[in-house]
Amino acid sequence: MSEKSAVRVRFCPSPTGSPHVGLARTALFNWAFARHHGGTFVFRIEDTDAARDSQESYETLLEVMDWLGFSWDEGPEIGGPHAPYRQSERFDVYADVARRLLEAGRAYRCYCSQEELDERNERARKEARTPGYDGHCRELRAEQVAAYEAEGRRPVVRLRMPDRAIAFDDLVRGEITFQPEHVPDYVLVRGNGHPLYTLVNPVDDALMEITHVLRGEDLLSSTPRQIALYEALGEIGIGDGTPPRFGHLPYVMGQGNKKLSKRDPESNLLGYRDRGFLPEGLLNYLALLGWAIAEDRDIFSMDEMVAAFDIARVNPNPARFDLKKAEAINATHLRALSVDELAERMVPYLQRAGILGEDVTEEQRRLLGAAAPLVQERMGTLGEAVEMVGFLLVDDRAFTRDPADTAKLLATDDGRAVVQAAHDALAALSTWDTASIEEALRTALIDGLGLKPRNAFGPVRVAVTGRRVSPPLFESLELLGRESSLARLEDAGRA
């Protein structure tokens, strides 16, 4: 079997809170790696923390994955040969593995209380020794176990770590070595029998035949522990004892060179969807947080990324999230859409704002299609369609204007004089098209009133579109139609 057909990666988020951009970047690199190698992208849910996990967050994860276009080959909703893919449904598997590790002597029960652990760690620090579990319960005698049991202590299960250095070749960072004093025996199962991340992820990786683990740099310190566990699992017949290849992706940094956290506003994935980022635009930017398709190129499609993706070219240094650059890249992708596709993608945002109903009429679609090329170069996100083209689609009785723009340009004697002159000039037109509208307004406002174009057309723009920023004025008036245009100008004259 070739390496390309053998590649199996997994993306295993926890359903807690709102998905963040760092999560999406990890999913993207795994997905691109799998697709580049013709491999399998496994989507697995890490929901073993009942206190923090929620069904709502789980459903949001599925929704976001679908919005971003990450089709998975195995996982929730579609199943696969290693189902189930929610860890909360696999507790029997983990309990069986823990039992077998104990029977094989690769794990042991530890009865130390938290107070005892803290005390010994404090002593180690005072004696300039490396703190960490000291193996106190590794070789307990039967009478010691009986005494602890009589006290009612509930033991945790710890993995017996090898007394040697653990080294591995990180796909992003190169050769990394951990000395044994820095990787003490660690807990696999809590005293209440609940399995921890340190057990469940390597077990699932082994059972699901994962070949490559691409994950955040914050999990680097857990890698030697997991390598030791893979070896132990091989000894009890789970996998062959060979760990997957690891690649630890760089931190995504926010403002002030601090790691971007879930609490940072710019980290919220749902916020980008709600603002109207294109999935392909956001993913293009996220790909640049640690990787580049070429030194002199920032814009590319996901197909191009898949074709070019090389994990060895991921930069291990932290990447800074730049919202302005993300917006600029998204705007470039938006401008590359066809007019018809842009019009169609604007619909959900106009519906959410109450401008369009559930059933969009043919006339509304015609207006959207005609307006799309007028606003495409002016928009950065789909959400801006509400302000850019909403004025064309609302009933005159529901039409509103921006209060600040109204106060500045309309609620003055000069503003009212401009819109009155514009109304009179347009009312006299026998032909309602862009050229006729432009000629009539220029004659009445620039030649007739002696105004500069900015002063002439600003009040008219606010009067009919509601804002100082809008699609081109003359084309907007043509699309809006004679009746609505004149009605709004008449109304603005009374502002």
# chains A, B, ... in the order shown; residues from 1 in each chain; ligands from 1
call {"tool": "residues_around", "arguments": {"residues": "segment 231-238 of chain A", "least_positions_apart": "5", "cutoff": "8 Å", "atoms": "only C-alpha atoms", "output": "list of chain:residue names"}}
result
A:Arg100, A:Leu101, A:Ala104, A:Arg106, A:Val203, A:Ala206, A:Leu207, A:Pro243
call {"tool": "write_last_selection", "arguments": {"atoms": "all heavy atoms", "output": "PDB file, in the first residue's frame"}}
result
ATOM      1  N   ARG A 100      -6.862  -4.198  30.877  1.00  0.00           N
ATOM      2  CA  ARG A 100      -5.813  -5.008  30.246  1.00  0.00           C
ATOM      3  C   ARG A 100      -4.422  -4.435  30.516  1.00  0.00           C
ATOM      4  O   ARG A 100      -3.447  -5.180  30.672  1.00  0.00           O
ATOM      5  CB  ARG A 100      -6.080  -5.110  28.734  1.00  0.00           C
ATOM      6  CG  ARG A 100      -7.320  -5.960  28.435  1.00  0.00           C
ATOM      7  CD  ARG A 100      -7.880  -5.720  27.046  1.00  0.00           C
ATOM      8  NE  ARG A 100      -6.962  -6.125  25.994  1.00  0.00           N
ATOM      9  CZ  ARG A 100      -7.232  -6.001  24.688  1.00  0.00           C
ATOM     10  NH1 ARG A 100      -8.379  -5.446  24.308  1.00  0.00           N
ATOM     11  NH2 ARG A 100      -6.363  -6.404  23.786  1.00  0.00           N
ATOM     12  N   LEU A 101      -4.311  -3.099  30.566  1.00  0.00           N
ATOM     13  CA  LEU A 101      -3.018  -2.479  30.897  1.00  0.00           C
ATOM     14  C   LEU A 101      -2.605  -2.815  32.326  1.00  0.00           C
ATOM     15  O   LEU A 101      -1.425  -3.079  32.604  1.00  0.00           O
ATOM     16  CB  LEU A 101      -3.103  -0.964  30.713  1.00  0.00           C
ATOM     17  CG  LEU A 101      -3.162  -0.444  29.271  1.00  0.00           C
ATOM     18  CD1 LEU A 101      -3.481   1.044  29.256  1.00  0.00           C
ATOM     19  CD2 LEU A 101      -1.837  -0.708  28.530  1.00  0.00           C
ATOM     20  N   ALA A 104      -1.463  -6.433  32.464  1.00  0.00           N
ATOM     21  CA  ALA A 104      -0.164  -6.630  31.814  1.00  0.00           C
ATOM     22  C   ALA A 104       0.975  -5.958  32.576  1.00  0.00           C
ATOM     23  O   ALA A 104       2.150  -6.092  32.191  1.00  0.00           O
ATOM     24  CB  ALA A 104      -0.215  -6.097  30.388  1.00  0.00           C
ATOM     25  N   ARG A 106       1.526  -2.809  32.726  1.00  0.00           N
ATOM     26  CA  ARG A 106       1.930  -1.546  32.095  1.00  0.00           C
ATOM     27  C   ARG A 106       1.284  -0.342  32.767  1.00  0.00           C
ATOM     28  O   ARG A 106       1.614   0.802  32.482  1.00  0.00           O
ATOM     29  CB  ARG A 106       1.582  -1.561  30.605  1.00  0.00           C
ATOM     30  CG  ARG A 106       2.416  -2.521  29.776  1.00  0.00           C
ATOM     31  CD  ARG A 106       3.918  -2.349  29.995  1.00  0.00           C
ATOM     32  NE  ARG A 106       4.372  -0.974  29.849  1.00  0.00           N
ATOM     33  CZ  ARG A 106       4.871  -0.469  28.734  1.00  0.00           C
ATOM     34  NH1 ARG A 106       5.000  -1.234  27.674  1.00  0.00           N
ATOM     35  NH2 ARG A 106       5.264   0.783  28.690  1.00  0.00           N
ATOM     36  N   VAL A 203      -5.869   5.598  22.581  1.00  0.00           N
ATOM     37  CA  VAL A 203      -6.604   4.350  22.339  1.00  0.00           C
ATOM     38  C   VAL A 203      -7.389   4.444  21.042  1.00  0.00           C
ATOM     39  O   VAL A 203      -7.346   3.546  20.193  1.00  0.00           O
ATOM     40  CB  VAL A 203      -7.537   4.040  23.524  1.00  0.00           C
ATOM     41  CG1 VAL A 203      -8.531   2.934  23.154  1.00  0.00           C
ATOM     42  CG2 VAL A 203      -6.720   3.623  24.744  1.00  0.00           C
ATOM     43  N   ALA A 206      -5.118   4.397  18.006  1.00  0.00           N
ATOM     44  CA  ALA A 206      -4.627   3.052  17.694  1.00  0.00           C
ATOM     45  C   ALA A 206      -5.728   2.205  17.061  1.00  0.00           C
ATOM     46  O   ALA A 206      -5.500   1.528  16.038  1.00  0.00           O
ATOM     47  CB  ALA A 206      -4.097   2.383  18.963  1.00  0.00           C
ATOM     48  N   LEU A 207      -6.915   2.240  17.639  1.00  0.00           N
ATOM     49  CA  LEU A 207      -8.016   1.429  17.108  1.00  0.00           C
ATOM     50  C   LEU A 207      -8.482   1.915  15.735  1.00  0.00           C
ATOM     51  O   LEU A 207      -8.911   1.110  14.900  1.00  0.00           O
ATOM     52  CB  LEU A 207      -9.189   1.444  18.086  1.00  0.00           C
ATOM     53  CG  LEU A 207      -8.970   0.703  19.408  1.00  0.00           C
ATOM     54  CD1 LEU A 207     -10.145   0.937  20.352  1.00  0.00           C
ATOM     55  CD2 LEU A 207      -8.776  -0.794  19.160  1.00  0.00           C
ATOM     56  N   PRO A 243       3.665   4.384  17.155  1.00  0.00           N
ATOM     57  CA  PRO A 243       2.863   5.605  17.253  1.00  0.00           C
ATOM     58  C   PRO A 243       2.692   6.256  15.889  1.00  0.00           C
ATOM     59  O   PRO A 243       3.485   6.019  14.966  1.00  0.00           O
ATOM     60  CB  PRO A 243       3.686   6.502  18.182  1.00  0.00           C
ATOM     61  CG  PRO A 243       5.091   6.046  17.988  1.00  0.00           C
ATOM     62  CD  PRO A 243       5.013   4.559  17.732  1.00  0.00           C
TER      63      PRO A 243
END
call {"tool": "residues_around", "arguments": {"residues": "segment 316-318 of chain A", "least_positions_apart": "3", "cutoff": "8 Å", "atoms": "only C-alpha atoms", "output": "ChimeraX atom specification"}}
result
/A:172-173,248-253,290
call {"tool": "closest_residue", "arguments": {"among": "A:Glu77, A:Asp298, A:Glu119, A:Glu139", "to": "Ala107 of chain A", "atoms": "only C-alpha atoms"}}
result
A:Glu139
call {"tool": "residues_around", "arguments": {"residues": "Leu445 of chain A", "least_positions_apart": "6", "cutoff": "10 Å", "atoms": "only C-alpha atoms", "output": "ChimeraX atom specification"}}
result
/A:417-419,421-422,425,451-453,455-457
call {"tool": "closest_atom_pairs", "arguments": {"of": "segment 158-202 of chain A", "to": "segment 223-229 of chain A", "cutoff": "7 Å", "atoms": "only C-alpha atoms", "output": "JSON lines"}}
result
{"residue": "A:Met161", "atom": "CA", "partner": "A:Ala228", "partner_atom": "CA", "distance": 6.5}
{"residue": "A:Ile166", "atom": "CA", "partner": "A:Pro224", "partner_atom": "CA", "distance": 6.0}
{"residue": "A:Phe178", "atom": "CA", "partner": "A:Pro224", "partner_atom": "CA", "distance": 6.8}
{"residue": "A:Val183", "atom": "CA", "partner": "A:Arg225", "partner_atom": "CA", "distance": 6.9}
{"residue": "A:Pro202", "atom": "CA", "partner": "A:Gln226", "partner_atom": "CA", "distance": 6.2}
call {"tool": "write_last_selection", "arguments": {"atoms": "N, CA and C atoms", "output": "tab-separated table (two decimals), in the first residue's frame"}}
result
chain	number	residue	atom	x	y	z
A	161	MET	N	5.66	4.65	33.00
A	161	MET	CA	6.50	5.22	31.93
A	161	MET	C	7.86	4.53	31.90
A	166	ILE	N	12.57	9.70	25.54
A	166	ILE	CA	11.66	9.44	24.43
A	166	ILE	C	11.87	10.52	23.38
A	178	PHE	N	12.53	14.08	25.03
A	178	PHE	CA	12.10	14.33	26.41
A	178	PHE	C	12.84	13.36	27.32
A	183	VAL	N	8.95	13.42	32.30
A	183	VAL	CA	7.72	12.72	31.89
A	183	VAL	C	7.42	11.62	32.90
A	202	PRO	N	-5.15	8.34	22.54
A	202	PRO	CA	-4.25	7.33	21.97
A	202	PRO	C	-4.95	5.99	21.69
call {"tool": "atom_distance", "arguments": {"atom1": "atom CA of Asp205 of chain A", "atom2": "atom CA of Gly239 of chain A"}}
result
9.1 Å
call {"tool": "residues_around", "arguments": {"residues": "Arg86 of chain A", "least_positions_apart": "6", "cutoff": "9 Å", "atoms": "only C-alpha atoms", "output": "PyMOL selection string"}}
result
chain A and resi 44-48+75-76
call {"tool": "closest_residue", "arguments": {"among": "A:Thr361, A:Cys12, A:Ala150, A:Asp170", "to": "Val314 of chain A", "atoms": "only C-alpha atoms"}}
result
A:Asp170
call {"tool": "residues_around", "arguments": {"residues": "Ala336 of chain A", "least_positions_apart": "4", "cutoff": "12 Å", "atoms": "only C-alpha atoms", "output": "count of residues only"}}
result
18
call {"tool": "select_by_dssp", "arguments": {"residues": "segment 15-88 of chain A", "states": "helix (DSSP H, G or I)", "output": "JSON, numbers by chain"}}
result
{"A": [21, 22, 23, 24, 25, 26, 27, 28, 29, 30, 31, 32, 33, 34, 35, 36, 55, 56, 57, 58, 59, 60, 61, 62, 63, 64, 65, 66, 67, 68, 87, 88]}
call {"tool": "write_last_selection", "arguments": {"atoms": "N, CA and C atoms", "output": "mmCIF file, in the first residue's frame"}}
result
data_model
loop_
_atom_site.group_PDB
_atom_site.id
_atom_site.type_symbol
_atom_site.label_atom_id
_atom_site.label_comp_id
_atom_site.auth_asym_id
_atom_site.auth_seq_id
_atom_site.Cartn_x
_atom_site.Cartn_y
_atom_site.Cartn_z
ATOM 1 N N VAL A 21 -11.167 30.051 15.693
ATOM 2 C CA VAL A 21 -10.391 30.000 14.456
ATOM 3 C C VAL A 21 -9.211 29.039 14.558
ATOM 4 N N GLY A 22 -8.626 28.899 15.752
ATOM 5 C CA GLY A 22 -7.534 27.942 15.901
ATOM 6 C C GLY A 22 -7.997 26.524 15.631
ATOM 7 N N LEU A 23 -9.212 26.227 16.042
ATOM 8 C CA LEU A 23 -9.805 24.916 15.780
ATOM 9 C C LEU A 23 -9.967 24.704 14.283
ATOM 10 N N ALA A 24 -10.455 25.725 13.603
ATOM 11 C CA ALA A 24 -10.651 25.620 12.154
ATOM 12 C C ALA A 24 -9.316 25.469 11.434
ATOM 13 N N ARG A 25 -8.280 26.173 11.894
ATOM 14 C CA ARG A 25 -6.964 26.034 11.259
ATOM 15 C C ARG A 25 -6.438 24.605 11.402
ATOM 16 N N THR A 26 -6.634 23.995 12.589
ATOM 17 C CA THR A 26 -6.212 22.616 12.790
ATOM 18 C C THR A 26 -6.990 21.676 11.875
ATOM 19 N N ALA A 27 -8.303 21.876 11.796
ATOM 20 C CA ALA A 27 -9.121 21.044 10.908
ATOM 21 C C ALA A 27 -8.661 21.201 9.463
ATOM 22 N N LEU A 28 -8.375 22.434 9.058
ATOM 23 C CA LEU A 28 -7.961 22.699 7.678
ATOM 24 C C LEU A 28 -6.680 21.971 7.324
ATOM 25 N N PHE A 29 -5.666 22.049 8.187
ATOM 26 C CA PHE A 29 -4.392 21.410 7.882
ATOM 27 C C PHE A 29 -4.537 19.884 7.835
ATOM 28 N N ASN A 30 -5.346 19.317 8.734
ATOM 29 C CA ASN A 30 -5.593 17.878 8.680
ATOM 30 C C ASN A 30 -6.331 17.483 7.404
ATOM 31 N N TRP A 31 -7.364 18.245 7.088
ATOM 32 C CA TRP A 31 -8.165 17.959 5.891
ATOM 33 C C TRP A 31 -7.315 18.071 4.624
ATOM 34 N N ALA A 32 -6.524 19.154 4.521
ATOM 35 C CA ALA A 32 -5.691 19.352 3.335
ATOM 36 C C ALA A 32 -4.628 18.255 3.217
ATOM 37 N N PHE A 33 -4.060 17.863 4.364
ATOM 38 C CA PHE A 33 -3.054 16.801 4.365
ATOM 39 C C PHE A 33 -3.666 15.485 3.869
ATOM 40 N N ALA A 34 -4.851 15.155 4.385
ATOM 41 C CA ALA A 34 -5.512 13.918 3.961
ATOM 42 C C ALA A 34 -5.855 13.961 2.480
ATOM 43 N N ARG A 35 -6.419 15.075 2.033
ATOM 44 C CA ARG A 35 -6.812 15.165 0.628
ATOM 45 C C ARG A 35 -5.590 15.168 -0.291
ATOM 46 N N HIS A 36 -4.519 15.821 0.123
ATOM 47 C CA HIS A 36 -3.296 15.842 -0.694
ATOM 48 C C HIS A 36 -2.749 14.433 -0.911
ATOM 49 N N GLN A 55 -24.822 19.303 24.041
ATOM 50 C CA GLN A 55 -25.399 18.913 22.759
ATOM 51 C C GLN A 55 -25.437 20.100 21.809
ATOM 52 N N GLU A 56 -25.707 21.281 22.357
ATOM 53 C CA GLU A 56 -25.740 22.480 21.519
ATOM 54 C C GLU A 56 -24.391 22.731 20.860
ATOM 55 N N SER A 57 -23.307 22.592 21.633
ATOM 56 C CA SER A 57 -21.972 22.798 21.067
ATOM 57 C C SER A 57 -21.651 21.723 20.040
ATOM 58 N N TYR A 58 -22.087 20.498 20.295
ATOM 59 C CA TYR A 58 -21.873 19.409 19.342
ATOM 60 C C TYR A 58 -22.550 19.732 18.010
ATOM 61 N N GLU A 59 -23.799 20.167 18.077
ATOM 62 C CA GLU A 59 -24.523 20.481 16.851
ATOM 63 C C GLU A 59 -23.898 21.683 16.142
ATOM 64 N N THR A 60 -23.375 22.636 16.915
ATOM 65 C CA THR A 60 -22.696 23.782 16.313
ATOM 66 C C THR A 60 -21.425 23.348 15.593
ATOM 67 N N LEU A 61 -20.695 22.406 16.175
ATOM 68 C CA LEU A 61 -19.497 21.882 15.507
ATOM 69 C C LEU A 61 -19.845 21.287 14.145
ATOM 70 N N LEU A 62 -20.886 20.479 14.103
ATOM 71 C CA LEU A 62 -21.298 19.879 12.835
ATOM 72 C C LEU A 62 -21.691 20.961 11.831
ATOM 73 N N GLU A 63 -22.397 21.971 12.325
ATOM 74 C CA GLU A 63 -22.848 23.061 11.463
ATOM 75 C C GLU A 63 -21.663 23.829 10.883
ATOM 76 N N VAL A 64 -20.675 24.114 11.737
ATOM 77 C CA VAL A 64 -19.499 24.859 11.282
ATOM 78 C C VAL A 64 -18.662 24.037 10.311
ATOM 79 N N MET A 65 -18.493 22.765 10.605
ATOM 80 C CA MET A 65 -17.731 21.897 9.691
ATOM 81 C C MET A 65 -18.395 21.853 8.317
ATOM 82 N N ASP A 66 -19.714 21.795 8.318
ATOM 83 C CA ASP A 66 -20.443 21.775 7.054
ATOM 84 C C ASP A 66 -20.309 23.117 6.339
ATOM 85 N N TRP A 67 -20.421 24.227 7.087
ATOM 86 C CA TRP A 67 -20.282 25.556 6.479
ATOM 87 C C TRP A 67 -18.906 25.738 5.849
ATOM 88 N N LEU A 68 -17.868 25.264 6.518
ATOM 89 C CA LEU A 68 -16.509 25.424 5.997
ATOM 90 C C LEU A 68 -16.206 24.464 4.848
ATOM 91 N N GLN A 87 -16.633 9.963 21.726
ATOM 92 C CA GLN A 87 -15.939 9.253 22.805
ATOM 93 C C GLN A 87 -16.870 8.936 23.974
ATOM 94 N N SER A 88 -17.931 9.720 24.146
ATOM 95 C CA SER A 88 -18.883 9.431 25.219
ATOM 96 C C SER A 88 -19.615 8.111 25.005
#
call {"tool": "closest_residue", "arguments": {"among": "A:Cys110, A:Val42, A:Val9, A:Ile176", "to": "Val145 of chain A", "atoms": "only C-alpha atoms"}}
result
A:Cys110
call {"tool": "atom_distance", "arguments": {"atom1": "atom CA of Arg401 of chain A", "atom2": "atom CA of Arg467 of chain A"}}
result
6.3 Å
call {"tool": "residues_around", "arguments": {"residues": "Ala385 of chain A", "least_positions_apart": "6", "cutoff": "9 Å", "atoms": "only C-alpha atoms", "output": "list in words"}}
result
Met346, Val347, Tyr349, Leu350, Val375 and Met379 of chain A
call {"tool": "closest_residue", "arguments": {"among": "A:Asn201, A:Ser476, A:Asn121, A:Thr130", "to": "Ser14 of chain A", "atoms": "only C-alpha atoms"}}
result
A:Asn201
call {"tool": "residues_around", "arguments": {"residues": "segment 189-193 of chain A", "least_positions_apart": "6", "cutoff": "12 Å", "atoms": "only C-alpha atoms", "output": "PyMOL selection string"}}
result
chain A and resi 48+91-92+94-99+101-102+107-114+152-159+199-200
